[in-house]
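Data file: model38.cif. Format and content: mmCIF, C-alpha atoms.
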```
data_query
#
loop_
_atom_site.group_PDB
_atom_site.id
_atom_site.type_symbol
_atom_site.label_atom_id
_atom_site.label_comp_id
_atom_site.auth_asym_id
_atom_site.auth_seq_id
_atom_site.Cartn_x
_atom_site.Cartn_y
_atom_site.Cartn_z
ATOM 1 C CA MET A 1 0.000 0.000 0.000
ATOM 2 C CA SER A 2 1.748 3.158 -1.106
ATOM 3 C CA PHE A 3 1.014 6.624 0.137
ATOM 4 C CA PHE A 4 1.165 10.146 -1.205
ATOM 5 C CA ARG A 5 3.327 12.479 0.864
ATOM 6 C CA ILE A 6 1.781 15.888 0.213
ATOM 7 C CA THR A 7 3.469 19.126 1.339
ATOM 8 C CA LEU A 8 1.888 22.553 0.918
ATOM 9 C CA MET A 9 4.465 24.801 -0.752
ATOM 10 C CA ARG A 10 2.301 27.820 -1.650
ATOM 11 C CA SER A 11 -0.623 29.080 0.360
ATOM 12 C CA GLY A 12 -4.231 29.233 -0.779
ATOM 13 C CA ILE A 13 -4.767 32.841 0.313
ATOM 14 C CA GLY A 14 -6.758 34.744 -2.280
ATOM 15 C CA LEU A 15 -7.782 31.620 -4.159
ATOM 16 C CA THR A 16 -11.348 30.440 -4.680
ATOM 17 C CA LYS A 17 -13.383 28.932 -1.872
ATOM 18 C CA ARG A 18 -13.368 25.659 -3.778
ATOM 19 C CA THR A 19 -9.571 25.474 -3.857
ATOM 20 C CA GLN A 20 -9.318 26.493 -0.208
ATOM 21 C CA GLY A 21 -11.930 23.837 0.544
ATOM 22 C CA VAL A 22 -9.770 21.191 -1.081
ATOM 23 C CA LEU A 23 -6.789 22.273 1.029
ATOM 24 C CA LYS A 24 -8.932 22.102 4.155
ATOM 25 C CA ALA A 25 -10.199 18.655 3.182
ATOM 26 C CA LEU A 26 -6.617 17.465 2.749
ATOM 27 C CA GLY A 27 -5.700 18.895 6.136
ATOM 28 C CA LEU A 28 -3.117 21.301 4.736
ATOM 29 C CA ARG A 29 -3.408 24.078 7.257
ATOM 30 C CA HIS A 30 -0.373 26.263 6.554
ATOM 31 C CA ARG A 31 2.767 26.218 4.416
ATOM 32 C CA MET A 32 5.090 23.228 4.775
ATOM 33 C CA THR A 33 2.392 21.121 6.429
ATOM 34 C CA THR A 34 2.909 17.504 5.393
ATOM 35 C CA VAL A 35 0.122 14.948 5.191
ATOM 36 C CA PHE A 36 -0.073 11.339 4.077
ATOM 37 C CA TYR A 37 -2.906 9.778 2.118
ATOM 38 C CA PRO A 38 -3.247 6.349 0.499
ATOM 39 C CA VAL A 39 -3.003 6.192 -3.272
ATOM 40 C CA THR A 40 -6.598 6.283 -4.521
ATOM 41 C CA SER A 41 -8.332 8.002 -7.410
ATOM 42 C CA GLU A 42 -10.248 10.276 -4.990
ATOM 43 C CA VAL A 43 -7.068 11.644 -3.434
ATOM 44 C CA ALA A 44 -5.508 11.940 -6.875
ATOM 45 C CA GLY A 45 -8.423 14.107 -7.980
ATOM 46 C CA GLN A 46 -8.006 16.324 -4.926
ATOM 47 C CA ILE A 47 -4.295 16.686 -5.652
ATOM 48 C CA MET A 48 -5.070 17.639 -9.254
ATOM 49 C CA LYS A 49 -7.251 20.492 -7.985
ATOM 50 C CA VAL A 50 -4.363 22.050 -6.054
ATOM 51 C CA LYS A 51 -1.367 20.738 -7.989
ATOM 52 C CA GLU A 52 0.145 24.208 -8.430
ATOM 53 C CA LEU A 53 0.389 24.665 -4.669
ATOM 54 C CA ILE A 54 1.800 21.372 -3.457
ATOM 55 C CA ASP A 55 4.693 18.984 -3.706
ATOM 56 C CA VAL A 56 3.909 15.258 -3.942
ATOM 57 C CA GLN A 57 6.026 12.179 -3.372
ATOM 58 C CA GLU A 58 5.113 8.519 -3.327
ATOM 59 C CA VAL A 59 6.204 6.748 -0.161
ATOM 60 C CA ASP A 60 5.753 3.316 1.402
ATOM 61 C CA LYS A 61 4.602 4.192 4.849
ATOM 62 C CA PRO A 62 3.026 7.258 6.417
ATOM 63 C CA LEU A 63 5.008 9.053 9.096
ATOM 64 C CA THR A 64 3.454 10.192 12.376
ATOM 65 C CA ARG A 65 3.732 13.738 13.668
ATOM 66 C CA ALA A 66 6.575 12.755 15.974
ATOM 67 C CA GLU A 67 8.482 11.155 13.101
ATOM 68 C CA LEU A 68 8.022 14.250 10.944
ATOM 69 C CA LYS A 69 9.366 16.432 13.739
ATOM 70 C CA ALA A 70 12.311 14.076 14.191
ATOM 71 C CA GLU A 71 13.090 14.433 10.478
ATOM 72 C CA ARG A 72 13.522 18.145 10.908
ATOM 73 C CA ARG A 73 15.498 17.968 14.151
ATOM 74 C CA PRO A 74 19.240 18.494 13.569
ATOM 75 C CA GLU A 75 22.038 16.454 15.110
ATOM 76 C CA PRO A 76 22.462 17.482 18.768
ATOM 77 C CA GLY A 77 26.237 17.680 18.440
ATOM 78 C CA PHE A 78 26.862 16.006 21.783
ATOM 79 C CA TYR A 79 26.033 12.813 23.579
ATOM 80 C CA LEU A 80 25.496 12.163 27.270
ATOM 81 C CA GLU A 81 28.262 10.062 28.816
ATOM 82 C CA LYS A 82 26.713 9.891 32.218
ATOM 83 C CA PRO A 83 23.549 11.552 33.522
ATOM 84 C CA ALA A 84 24.103 14.273 36.130
ATOM 85 C CA PRO A 85 23.579 13.045 39.762
ATOM 86 C CA ARG A 86 20.381 14.417 41.256
ATOM 87 C CA MET B 1 -9.606 52.171 -6.268
ATOM 88 C CA PHE B 2 -6.038 52.224 -5.008
ATOM 89 C CA GLY B 3 -6.582 50.047 -1.980
ATOM 90 C CA ALA B 4 -4.866 51.467 1.081
ATOM 91 C CA PHE B 5 -3.414 54.438 -0.837
ATOM 92 C CA ARG B 6 -4.902 57.926 -1.028
ATOM 93 C CA PRO B 7 -6.029 58.799 -4.578
ATOM 94 C CA THR B 8 -3.632 61.690 -5.299
ATOM 95 C CA ASN B 9 -2.758 63.393 -8.590
ATOM 96 C CA SER B 10 0.539 61.541 -8.952
ATOM 97 C CA LEU B 11 -1.157 58.209 -8.303
ATOM 98 C CA GLY B 12 -4.029 58.894 -10.669
ATOM 99 C CA GLY B 13 -1.730 59.970 -13.492
ATOM 100 C CA GLY B 14 -1.050 56.382 -14.470
ATOM 101 C CA LEU B 15 2.751 56.752 -14.501
ATOM 102 C CA LEU B 16 3.625 55.524 -11.014
ATOM 103 C CA TRP B 17 2.922 51.822 -11.060
ATOM 104 C CA LYS B 18 3.956 50.786 -14.539
ATOM 105 C CA ILE B 19 5.073 47.185 -14.932
ATOM 106 C CA PRO B 20 7.078 46.179 -18.016
ATOM 107 C CA TRP B 21 5.371 44.100 -20.656
ATOM 108 C CA ARG B 22 8.123 41.538 -20.834
ATOM 109 C CA LEU B 23 9.284 39.251 -18.050
ATOM 110 C CA SER B 24 12.940 39.437 -17.021
ATOM 111 C CA LYS B 25 15.156 36.393 -17.600
ATOM 112 C CA PHE B 26 14.984 35.507 -13.901
ATOM 113 C CA GLN B 27 11.179 35.710 -13.871
ATOM 114 C CA LYS B 28 11.138 33.546 -16.991
ATOM 115 C CA ALA B 29 13.410 31.023 -15.294
ATOM 116 C CA ARG B 30 11.106 30.884 -12.271
ATOM 117 C CA GLN B 31 8.052 30.481 -14.512
ATOM 118 C CA ARG B 32 9.702 27.544 -16.275
ATOM 119 C CA LYS B 33 10.585 26.049 -12.897
ATOM 120 C CA ARG B 34 6.978 26.347 -11.754
ATOM 121 C CA LEU B 35 5.690 24.711 -14.939
ATOM 122 C CA ARG B 36 8.142 21.852 -14.464
ATOM 123 C CA ALA B 37 7.070 21.453 -10.826
ATOM 124 C CA VAL B 38 3.446 20.953 -11.901
ATOM 125 C CA ASP B 39 4.640 18.485 -14.557
ATOM 126 C CA THR B 40 6.460 16.428 -11.926
ATOM 127 C CA VAL B 41 3.395 16.414 -9.655
ATOM 128 C CA VAL B 42 1.238 15.065 -12.483
ATOM 129 C CA ALA B 43 3.928 12.528 -13.424
ATOM 130 C CA THR B 44 4.168 11.301 -9.802
ATOM 131 C CA LEU B 45 0.398 10.933 -9.624
ATOM 132 C CA ASP B 46 0.316 9.093 -12.918
ATOM 133 C CA LYS B 47 3.062 6.678 -11.873
ATOM 134 C CA ALA B 48 1.513 5.995 -8.470
ATOM 135 C CA LEU B 49 -1.912 5.313 -9.934
ATOM 136 C CA ALA B 50 -0.510 3.132 -12.720
ATOM 137 C CA LYS B 51 1.153 0.902 -10.109
ATOM 138 C CA GLN B 52 -2.305 0.111 -8.778
ATOM 139 C CA SER B 53 -3.792 0.121 -12.300
ATOM 140 C CA ILE B 54 -6.361 2.824 -11.547
ATOM 141 C CA THR B 55 -7.002 5.879 -13.688
ATOM 142 C CA THR B 56 -8.481 9.229 -12.766
ATOM 143 C CA LYS B 57 -10.453 11.404 -15.175
ATOM 144 C CA ALA B 58 -8.633 14.523 -14.003
ATOM 145 C CA VAL B 59 -5.175 13.105 -14.681
ATOM 146 C CA GLU B 60 -6.152 11.638 -18.057
ATOM 147 C CA ARG B 61 -7.705 14.894 -19.182
ATOM 148 C CA TRP B 62 -4.626 16.898 -18.136
ATOM 149 C CA LYS B 63 -2.261 14.566 -19.979
ATOM 150 C CA GLU B 64 -4.410 14.763 -23.111
ATOM 151 C CA GLU B 65 -4.980 18.501 -23.247
ATOM 152 C CA MET B 66 -2.041 20.257 -21.582
ATOM 153 C CA PRO B 67 1.493 20.362 -22.993
ATOM 154 C CA ILE B 68 4.479 19.808 -20.722
ATOM 155 C CA GLU B 69 7.013 22.603 -20.221
ATOM 156 C CA GLN B 70 9.418 21.218 -22.865
ATOM 157 C CA GLU B 71 6.660 21.124 -25.484
ATOM 158 C CA MET B 72 5.552 24.694 -24.900
ATOM 159 C CA VAL B 73 6.546 27.619 -27.088
ATOM 160 C CA PRO B 74 8.077 30.568 -25.134
ATOM 161 C CA LYS B 75 5.172 32.694 -26.301
ATOM 162 C CA ASP B 76 2.762 30.439 -24.426
ATOM 163 C CA LYS B 77 4.915 30.347 -21.306
ATOM 164 C CA TYR B 78 5.243 34.112 -20.862
ATOM 165 C CA THR B 79 2.137 35.593 -22.567
ATOM 166 C CA ILE B 80 -1.583 34.908 -22.730
ATOM 167 C CA PHE B 81 -4.278 35.551 -25.299
ATOM 168 C CA ASP B 82 -6.316 38.754 -24.935
ATOM 169 C CA ARG B 83 -8.802 39.826 -27.582
ATOM 170 C CA LYS B 84 -8.563 43.530 -26.656
ATOM 171 C CA GLU B 85 -4.786 43.884 -27.209
ATOM 172 C CA LYS B 86 -3.213 45.016 -30.482
ATOM 173 C CA LYS B 87 -1.512 41.714 -31.267
ATOM 174 C CA TYR B 88 -4.002 39.686 -29.239
ATOM 175 C CA ARG B 89 -1.379 38.833 -26.621
ATOM 176 C CA LYS B 90 -0.596 40.292 -23.221
ATOM 177 C CA SER B 91 1.935 39.544 -20.506
ATOM 178 C CA ILE B 92 1.084 36.578 -18.327
ATOM 179 C CA ARG B 93 1.854 38.728 -15.237
ATOM 180 C CA LYS B 94 -1.458 40.440 -15.842
ATOM 181 C CA LEU B 95 -3.303 37.213 -15.100
ATOM 182 C CA PRO B 96 -4.416 37.264 -11.449
ATOM 183 C CA LYS B 97 -2.646 34.623 -9.318
ATOM 184 C CA TRP B 98 -0.560 33.672 -12.392
ATOM 185 C CA THR B 99 2.062 31.977 -10.208
ATOM 186 C CA ARG B 100 -0.532 29.680 -8.645
ATOM 187 C CA VAL B 101 -2.792 28.965 -11.621
ATOM 188 C CA SER B 102 -2.218 26.763 -14.651
ATOM 189 C CA GLN B 103 -2.418 28.687 -17.899
ATOM 190 C CA ARG B 104 -0.784 26.808 -20.759
ATOM 191 C CA VAL B 105 -3.099 26.726 -23.730
ATOM 192 C CA ASN B 106 -4.272 29.628 -25.888
ATOM 193 C CA PRO B 107 -6.646 29.756 -28.889
ATOM 194 C CA PRO B 108 -4.958 28.234 -31.957
ATOM 195 C CA GLY B 109 -3.402 30.665 -34.362
ATOM 196 C CA TYR B 110 -3.077 33.620 -31.941
#
```

Rewrite the structure of this file - the entire thing - as C-alpha coordinates.
Amino acid sequence: MSFFRITLMRSGIGLTKRTQGVLKALGLRHRMTTVFYPVTSEVAGQIMKVKELIDVQEVDKPLTRAELKAERRPEPGFYLEKPAPR
Amino acid sequence: MFGAFRPTNSLGGGLLWKIPWRLSKFQKARQRKRLRAVDTVVATLDKALAKQSITTKAVERWKEEMPIEQEMVPKDKYTIFDRKEKKYRKSIRKLPKWTRVSQRVNPPGY
(Lines of atoms letter the chains of each structure in order from A and count residues from 1; the text may use other names and numbers.)
(Lines give C-alpha, C1' and ligand atoms only; values in the text may rest on other atoms or scores of the structure.)
Protein backbone atom coordinates (compact mmCIF):
# COMPACT_ATOMS: atom_id res chain seq x y z
CA MET A 1 0.00 0.00 0.00
CA SER A 2 1.75 3.16 -1.11
CA PHE A 3 1.01 6.62 0.14
CA PHE A 4 1.17 10.15 -1.20
CA ARG A 5 3.33 12.48 0.86
CA ILE A 6 1.78 15.89 0.21
CA THR A 7 3.47 19.13 1.34
CA LEU A 8 1.89 22.55 0.92
CA MET A 9 4.46 24.80 -0.75
CA ARG A 10 2.30 27.82 -1.65
CA SER A 11 -0.62 29.08 0.36
CA GLY A 12 -4.23 29.23 -0.78
CA ILE A 13 -4.77 32.84 0.31
CA GLY A 14 -6.76 34.74 -2.28
CA LEU A 15 -7.78 31.62 -4.16
CA THR A 16 -11.35 30.44 -4.68
CA LYS A 17 -13.38 28.93 -1.87
CA ARG A 18 -13.37 25.66 -3.78
CA THR A 19 -9.57 25.47 -3.86
CA GLN A 20 -9.32 26.49 -0.21
CA GLY A 21 -11.93 23.84 0.54
CA VAL A 22 -9.77 21.19 -1.08
CA LEU A 23 -6.79 22.27 1.03
CA LYS A 24 -8.93 22.10 4.15
CA ALA A 25 -10.20 18.65 3.18
CA LEU A 26 -6.62 17.47 2.75
CA GLY A 27 -5.70 18.90 6.14
CA LEU A 28 -3.12 21.30 4.74
CA ARG A 29 -3.41 24.08 7.26
CA HIS A 30 -0.37 26.26 6.55
CA ARG A 31 2.77 26.22 4.42
CA MET A 32 5.09 23.23 4.78
CA THR A 33 2.39 21.12 6.43
CA THR A 34 2.91 17.50 5.39
CA VAL A 35 0.12 14.95 5.19
CA PHE A 36 -0.07 11.34 4.08
CA TYR A 37 -2.91 9.78 2.12
CA PRO A 38 -3.25 6.35 0.50
CA VAL A 39 -3.00 6.19 -3.27
CA THR A 40 -6.60 6.28 -4.52
CA SER A 41 -8.33 8.00 -7.41
CA GLU A 42 -10.25 10.28 -4.99
CA VAL A 43 -7.07 11.64 -3.43
CA ALA A 44 -5.51 11.94 -6.88
CA GLY A 45 -8.42 14.11 -7.98
CA GLN A 46 -8.01 16.32 -4.93
CA ILE A 47 -4.29 16.69 -5.65
CA MET A 48 -5.07 17.64 -9.25
CA LYS A 49 -7.25 20.49 -7.99
CA VAL A 50 -4.36 22.05 -6.05
CA LYS A 51 -1.37 20.74 -7.99
CA GLU A 52 0.14 24.21 -8.43
CA LEU A 53 0.39 24.67 -4.67
CA ILE A 54 1.80 21.37 -3.46
CA ASP A 55 4.69 18.98 -3.71
CA VAL A 56 3.91 15.26 -3.94
CA GLN A 57 6.03 12.18 -3.37
CA GLU A 58 5.11 8.52 -3.33
CA VAL A 59 6.20 6.75 -0.16
CA ASP A 60 5.75 3.32 1.40
CA LYS A 61 4.60 4.19 4.85
CA PRO A 62 3.03 7.26 6.42
CA LEU A 63 5.01 9.05 9.10
CA THR A 64 3.45 10.19 12.38
CA ARG A 65 3.73 13.74 13.67
CA ALA A 66 6.58 12.75 15.97
CA GLU A 67 8.48 11.15 13.10
CA LEU A 68 8.02 14.25 10.94
CA LYS A 69 9.37 16.43 13.74
CA ALA A 70 12.31 14.08 14.19
CA GLU A 71 13.09 14.43 10.48
CA ARG A 72 13.52 18.15 10.91
CA ARG A 73 15.50 17.97 14.15
CA PRO A 74 19.24 18.49 13.57
CA GLU A 75 22.04 16.45 15.11
CA PRO A 76 22.46 17.48 18.77
CA GLY A 77 26.24 17.68 18.44
CA PHE A 78 26.86 16.01 21.78
CA TYR A 79 26.03 12.81 23.58
CA LEU A 80 25.50 12.16 27.27
CA GLU A 81 28.26 10.06 28.82
CA LYS A 82 26.71 9.89 32.22
CA PRO A 83 23.55 11.55 33.52
CA ALA A 84 24.10 14.27 36.13
CA PRO A 85 23.58 13.04 39.76
CA ARG A 86 20.38 14.42 41.26
CA MET B 1 -9.61 52.17 -6.27
CA PHE B 2 -6.04 52.22 -5.01
CA GLY B 3 -6.58 50.05 -1.98
CA ALA B 4 -4.87 51.47 1.08
CA PHE B 5 -3.41 54.44 -0.84
CA ARG B 6 -4.90 57.93 -1.03
CA PRO B 7 -6.03 58.80 -4.58
CA THR B 8 -3.63 61.69 -5.30
CA ASN B 9 -2.76 63.39 -8.59
CA SER B 10 0.54 61.54 -8.95
CA LEU B 11 -1.16 58.21 -8.30
CA GLY B 12 -4.03 58.89 -10.67
CA GLY B 13 -1.73 59.97 -13.49
CA GLY B 14 -1.05 56.38 -14.47
CA LEU B 15 2.75 56.75 -14.50
CA LEU B 16 3.62 55.52 -11.01
CA TRP B 17 2.92 51.82 -11.06
CA LYS B 18 3.96 50.79 -14.54
CA ILE B 19 5.07 47.19 -14.93
CA PRO B 20 7.08 46.18 -18.02
CA TRP B 21 5.37 44.10 -20.66
CA ARG B 22 8.12 41.54 -20.83
CA LEU B 23 9.28 39.25 -18.05
CA SER B 24 12.94 39.44 -17.02
CA LYS B 25 15.16 36.39 -17.60
CA PHE B 26 14.98 35.51 -13.90
CA GLN B 27 11.18 35.71 -13.87
CA LYS B 28 11.14 33.55 -16.99
CA ALA B 29 13.41 31.02 -15.29
CA ARG B 30 11.11 30.88 -12.27
CA GLN B 31 8.05 30.48 -14.51
CA ARG B 32 9.70 27.54 -16.27
CA LYS B 33 10.58 26.05 -12.90
CA ARG B 34 6.98 26.35 -11.75
CA LEU B 35 5.69 24.71 -14.94
CA ARG B 36 8.14 21.85 -14.46
CA ALA B 37 7.07 21.45 -10.83
CA VAL B 38 3.45 20.95 -11.90
CA ASP B 39 4.64 18.48 -14.56
CA THR B 40 6.46 16.43 -11.93
CA VAL B 41 3.39 16.41 -9.65
CA VAL B 42 1.24 15.06 -12.48
CA ALA B 43 3.93 12.53 -13.42
CA THR B 44 4.17 11.30 -9.80
CA LEU B 45 0.40 10.93 -9.62
CA ASP B 46 0.32 9.09 -12.92
CA LYS B 47 3.06 6.68 -11.87
CA ALA B 48 1.51 6.00 -8.47
CA LEU B 49 -1.91 5.31 -9.93
CA ALA B 50 -0.51 3.13 -12.72
CA LYS B 51 1.15 0.90 -10.11
CA GLN B 52 -2.30 0.11 -8.78
CA SER B 53 -3.79 0.12 -12.30
CA ILE B 54 -6.36 2.82 -11.55
CA THR B 55 -7.00 5.88 -13.69
CA THR B 56 -8.48 9.23 -12.77
CA LYS B 57 -10.45 11.40 -15.18
CA ALA B 58 -8.63 14.52 -14.00
CA VAL B 59 -5.17 13.11 -14.68
CA GLU B 60 -6.15 11.64 -18.06
CA ARG B 61 -7.71 14.89 -19.18
CA TRP B 62 -4.63 16.90 -18.14
CA LYS B 63 -2.26 14.57 -19.98
CA GLU B 64 -4.41 14.76 -23.11
CA GLU B 65 -4.98 18.50 -23.25
CA MET B 66 -2.04 20.26 -21.58
CA PRO B 67 1.49 20.36 -22.99
CA ILE B 68 4.48 19.81 -20.72
CA GLU B 69 7.01 22.60 -20.22
CA GLN B 70 9.42 21.22 -22.86
CA GLU B 71 6.66 21.12 -25.48
CA MET B 72 5.55 24.69 -24.90
CA VAL B 73 6.55 27.62 -27.09
CA PRO B 74 8.08 30.57 -25.13
CA LYS B 75 5.17 32.69 -26.30
CA ASP B 76 2.76 30.44 -24.43
CA LYS B 77 4.91 30.35 -21.31
CA TYR B 78 5.24 34.11 -20.86
CA THR B 79 2.14 35.59 -22.57
CA ILE B 80 -1.58 34.91 -22.73
CA PHE B 81 -4.28 35.55 -25.30
CA ASP B 82 -6.32 38.75 -24.94
CA ARG B 83 -8.80 39.83 -27.58
CA LYS B 84 -8.56 43.53 -26.66
CA GLU B 85 -4.79 43.88 -27.21
CA LYS B 86 -3.21 45.02 -30.48
CA LYS B 87 -1.51 41.71 -31.27
CA TYR B 88 -4.00 39.69 -29.24
CA ARG B 89 -1.38 38.83 -26.62
CA LYS B 90 -0.60 40.29 -23.22
CA SER B 91 1.94 39.54 -20.51
CA ILE B 92 1.08 36.58 -18.33
CA ARG B 93 1.85 38.73 -15.24
CA LYS B 94 -1.46 40.44 -15.84
CA LEU B 95 -3.30 37.21 -15.10
CA PRO B 96 -4.42 37.26 -11.45
CA LYS B 97 -2.65 34.62 -9.32
CA TRP B 98 -0.56 33.67 -12.39
CA THR B 99 2.06 31.98 -10.21
CA ARG B 100 -0.53 29.68 -8.64
CA VAL B 101 -2.79 28.97 -11.62
CA SER B 102 -2.22 26.76 -14.65
CA GLN B 103 -2.42 28.69 -17.90
CA ARG B 104 -0.78 26.81 -20.76
CA VAL B 105 -3.10 26.73 -23.73
CA ASN B 106 -4.27 29.63 -25.89
CA PRO B 107 -6.65 29.76 -28.89
CA PRO B 108 -4.96 28.23 -31.96
CA GLY B 109 -3.40 30.67 -34.36
CA TYR B 110 -3.08 33.62 -31.94

What are the nearest atom pairs, with distances in Å to one decimal, for all residues of chain B that come at most 12 Å from chain A, using all atoms listed in the file, set out by chain and rising residue number as a tab-separated table?
```
residue	atom	partner	partner_atom	distance
B:Gln31	CA	A:Glu52	CA	11.8
B:Lys33	CA	A:Glu52	CA	11.5
B:Arg34	CA	A:Glu52	CA	7.9
B:Leu35	CA	A:Glu52	CA	8.6
B:Arg36	CA	A:Glu52	CA	10.3
B:Ala37	CA	A:Glu52	CA	7.8
B:Val38	CA	A:Glu52	CA	5.8
B:Asp39	CA	A:Lys51	CA	9.2
B:Thr40	CA	A:Val56	CA	8.5
B:Val41	CA	A:Val56	CA	5.9
B:Val42	CA	A:Met48	CA	7.5
B:Ala43	CA	A:Val56	CA	9.9
B:Thr44	CA	A:Gln57	CA	6.8
B:Leu45	CA	A:Ala44	CA	6.6
B:Asp46	CA	A:Ala44	CA	8.9
B:Lys47	CA	A:Glu58	CA	9.0
B:Ala48	CA	A:Glu58	CA	6.8
B:Leu49	CA	A:Val39	CA	6.8
B:Ala50	CA	A:Val39	CA	10.2
B:Lys51	CA	A:Ser2	CA	9.3
B:Gln52	CA	A:Val39	CA	8.2
B:Ser53	CA	A:Thr40	CA	10.3
B:Ile54	CA	A:Ser41	CA	6.9
B:Thr55	CA	A:Ser41	CA	6.8
B:Thr56	CA	A:Ser41	CA	5.5
B:Lys57	CA	A:Gly45	CA	7.9
B:Ala58	CA	A:Gly45	CA	6.0
B:Val59	CA	A:Met48	CA	7.1
B:Glu60	CA	A:Gly45	CA	10.6
B:Arg61	CA	A:Met48	CA	10.6
B:Trp62	CA	A:Met48	CA	8.9
B:Lys63	CA	A:Met48	CA	11.5
B:Pro96	CA	A:Gly14	CA	9.8
B:Lys97	CA	A:Leu15	CA	7.9
B:Trp98	CA	A:Glu52	CA	10.3
B:Thr99	CA	A:Glu52	CA	8.2
B:Arg100	CA	A:Glu52	CA	5.5
B:Val101	CA	A:Glu52	CA	6.4
B:Ser102	CA	A:Glu52	CA	7.1
B:Gln103	CA	A:Glu52	CA	10.8
```

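Note that CA of Val22 (chain A) and CA of Tyr37 (chain A) are 13.7 Å apart.
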
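You will find CA of Thr34 (chain A) at 12.0 Å from CA of Arg72 (chain A).
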
Non-local contacts of Pro108 (chain B) (12 Å; only C-alpha atoms; under 3 positions in same chain excluded) as a VMD selection string: chain B and resid 76 80 to 81 88 105

What are the centre and edge lengths in Å, to one decimal, of the axis-aligned box around all listed atoms of region 76-86 of chain A with 3 Å added on each side, as JSON?
```
{"center_x": 24.3, "center_y": 13.8, "center_z": 29.8, "size_x": 13.9, "size_y": 13.8, "size_z": 28.8}
```

Shell of 12 Å around Lys25 (chain B), all atoms listed in the file, local chain residues under 5 positions omitted, as number ranges by chain: B: 30-32, 74, 78

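Between CA of Ile92 (chain B) and CA of Met9 (chain A) lies a distance of 21.4 Å.
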